[in-house]
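> Have a look at the structure that comes next, please.
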Amino acid sequence: MTKINLLSFIFNIIYCFRYYKIKLENHSNAIGYFKHPLHLRIFCETKNPNRSKEVKVSFQNEDLFDVFDEYIQISNENITTLLKEIDPKYNNDFTQKKLLQLSKYFWENNTRGMPRSEKLFRDDELRIFEGENLLIYRDWNIDNDKEEIQFTYDLLGGYLISKYLIQSYQEYYPIIKVPSNNWIVKV
């Protein structure tokens, strides 16, 4: 990392922590995860989404994937709250189920985008999911001449695909319960 890149990296962290009112009490080598601005934003939005008061965060024991689980849970609450205003049928597992269905499609079709024609999301659902900013987005695939749904952050997308695979193939492996926030993963 050059001196300019290092200064930019440090500036981004300081700026985001100030904006989200996060006080870092200690840190570890895991701070290198923040080289990618999307991970930094996911971390900050997870730790202090409302920015109403300063929060103290100890980064020493943080795990990248714990932050993803926490972010998905917060997004799930936001999405289901908005969708329940449209129709009360939506339950608290809706977001996770949709993300795992999207992951399944990506894995089984060896692709990074799902055509809108697959109709995984209704229009109002898709708009609300996109409102979370860091989960999914729509883009035009020039090669296929179709609008597609993609994960915003490849690392988060890969994490969700691995969640899908673990849950799908758990019967083929010895069962060991691994706590992972709101998702019980059996390996």
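Letters A, B, ... mark the chains of the structure tokens in the order given; residue numbers begin at 1 per chain; ligand numbers begin at 1, in order shown.
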Compile the contact shell of Ile13 of chain A as a ChimeraX atom specification: residues with an atom at most 12 Å away, counting only C-alpha atoms, same-chain residues fewer than 3 positions apart removed.
/A:6-10,16-24,31-41,43-44
> If you keep C-alpha atoms, can you produce a file of those selected residues as a CSV table (one decimal), in the first residue's frame?

chain,number,residue,atom,x,y,z
A,6,LEU,CA,-2.7,4.4,3.3
A,7,LEU,CA,-3.6,8.0,4.0
A,8,SER,CA,-6.8,7.7,2.0
A,9,PHE,CA,-7.6,4.4,3.8
A,10,ILE,CA,-7.1,6.0,7.2
A,16,CYS,CA,-17.0,7.1,8.5
A,17,PHE,CA,-16.5,6.6,12.2
A,18,ARG,CA,-17.2,10.3,12.9
A,19,TYR,CA,-20.2,10.3,10.6
A,20,TYR,CA,-21.7,7.2,12.2
A,21,LYS,CA,-20.6,8.4,15.7
A,22,ILE,CA,-18.5,5.3,16.4
A,23,LYS,CA,-15.7,5.3,18.9
A,24,LEU,CA,-13.3,2.5,18.4
A,31,ILE,CA,-9.1,-3.4,10.6
A,32,GLY,CA,-7.7,-4.3,7.2
A,33,TYR,CA,-11.2,-5.4,6.2
A,34,PHE,CA,-12.0,-1.8,5.8
A,35,LYS,CA,-9.9,-1.4,2.7
A,36,HIS,CA,-13.1,-2.1,0.8
A,37,PRO,CA,-15.4,0.9,1.3
A,38,LEU,CA,-18.6,-1.3,1.2
A,39,HIS,CA,-17.4,-3.4,4.1
A,40,LEU,CA,-16.7,-0.2,6.0
A,41,ARG,CA,-20.1,1.1,5.3
A,43,PHE,CA,-19.8,-2.2,9.5
A,44,CYS,CA,-20.8,1.3,10.4
> Give me, as a Markdown table, each residue of segment 49-131 of chain A that comes within 8 Å of segment 148-156 of chain A, together with its shortest interatomic pair and the distance in Å at one decimal, counting only C-alpha atoms, with rows ordered by chain and rising residue number.

| residue | atom | partner | partner_atom | distance |
| --- | --- | --- | --- | --- |
| A:Phe68 | CA | A:Leu156 | CA | 6.9 |
| A:Arg112 | CA | A:Gln150 | CA | 6.2 |
| A:Gly113 | CA | A:Gln150 | CA | 4.8 |
| A:Met114 | CA | A:Glu148 | CA | 5.0 |
| A:Pro115 | CA | A:Glu148 | CA | 4.3 |
| A:Arg116 | CA | A:Glu148 | CA | 5.5 |
> What would the file look like if the residues just selected were written as a PDB file, in the first residue's frame with C-alpha atoms?

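As written to disk, selection-v7.pdb reads:
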ATOM      1  CA  PHE A  68     -22.763  -9.611   7.789  1.00  0.00           C
ATOM      2  CA  ARG A 112     -23.800 -13.226 -10.919  1.00  0.00           C
ATOM      3  CA  GLY A 113     -27.185 -11.946 -12.045  1.00  0.00           C
ATOM      4  CA  MET A 114     -30.765 -13.184 -12.034  1.00  0.00           C
ATOM      5  CA  PRO A 115     -33.005 -11.928 -14.845  1.00  0.00           C
ATOM      6  CA  ARG A 116     -36.054  -9.998 -13.630  1.00  0.00           C
TER       7      ARG A 116
END
> So, counting only C-alpha atoms, which residue among A:Ile161, A:Lys53, A:Glu130, A:Ile142 is closest to Leu100 of chain A?
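The shortest atom-to-atom distance to Leu100 of chain A comes from A:Ile161.
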> So which bits of segment 102-169 of chain A end up helix (DSSP H, G or I) when you DSSP the backbone, as a PyMOL selection string?
chain A and resi 102-109+116-118+123-131+154-168
> Looking at only C-alpha atoms, which of A:Ile14, A:Glu147, A:Lys119, A:Thr46 is the one that sits closest to Leu64 of chain A?
A:Thr46
> Would you please work out which residue, of A:Asn110, A:Ser117, A:Asn76, A:Gln167, is nearest to Thr95 of chain A when using only C-alpha atoms?
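With only C-alpha atoms as the atom set, the closest residue is A:Asn76.
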> Work out how far atom CA of Lys98 of chain A is from atom CA of Phe121 of chain A, in Å to one decimal.
8.1 Å
> Counting only C-alpha atoms, which of A:Arg127, A:Lys163, A:Lys47, A:Arg138 gets nearest to Ile79 of chain A?
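So, comparing all the options, the nearest one is A:Arg127.
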> Which is closer to Ser103 of chain A than all the others in A:Ile128, A:Leu120, A:Asn144, A:Asp139, using only C-alpha atoms?
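Looking at the shortest contact to Ser103 of chain A, the residue is A:Leu120.
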> For Leu82 of chain A, which residue out of A:Phe11, A:Phe94, A:Trp140, A:Val67 is the nearest one, using only C-alpha atoms?
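Of all the options, A:Phe94 lies closest to Leu82 of chain A.
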> Per DSSP on the backbone, what are the strand (DSSP E or B) residues of segment 31-187 of chain A, as a ChimeraX atom specification?
/A:55-58,114-115,136-141,146-151,177-180,183-186
> To one decimal in Å, tell me the separation between atom CA of Ile72 of chain A and atom CA of Gln96 of chain A.
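Spanning atom CA of Ile72 of chain A to atom CA of Gln96 of chain A is a straight-line distance of 7.6 Å.
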> What gap, in Å, lies between atom CA of Asp93 of chain A and atom CA of Asp69 of chain A?
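So the answer is 13.2 Å.
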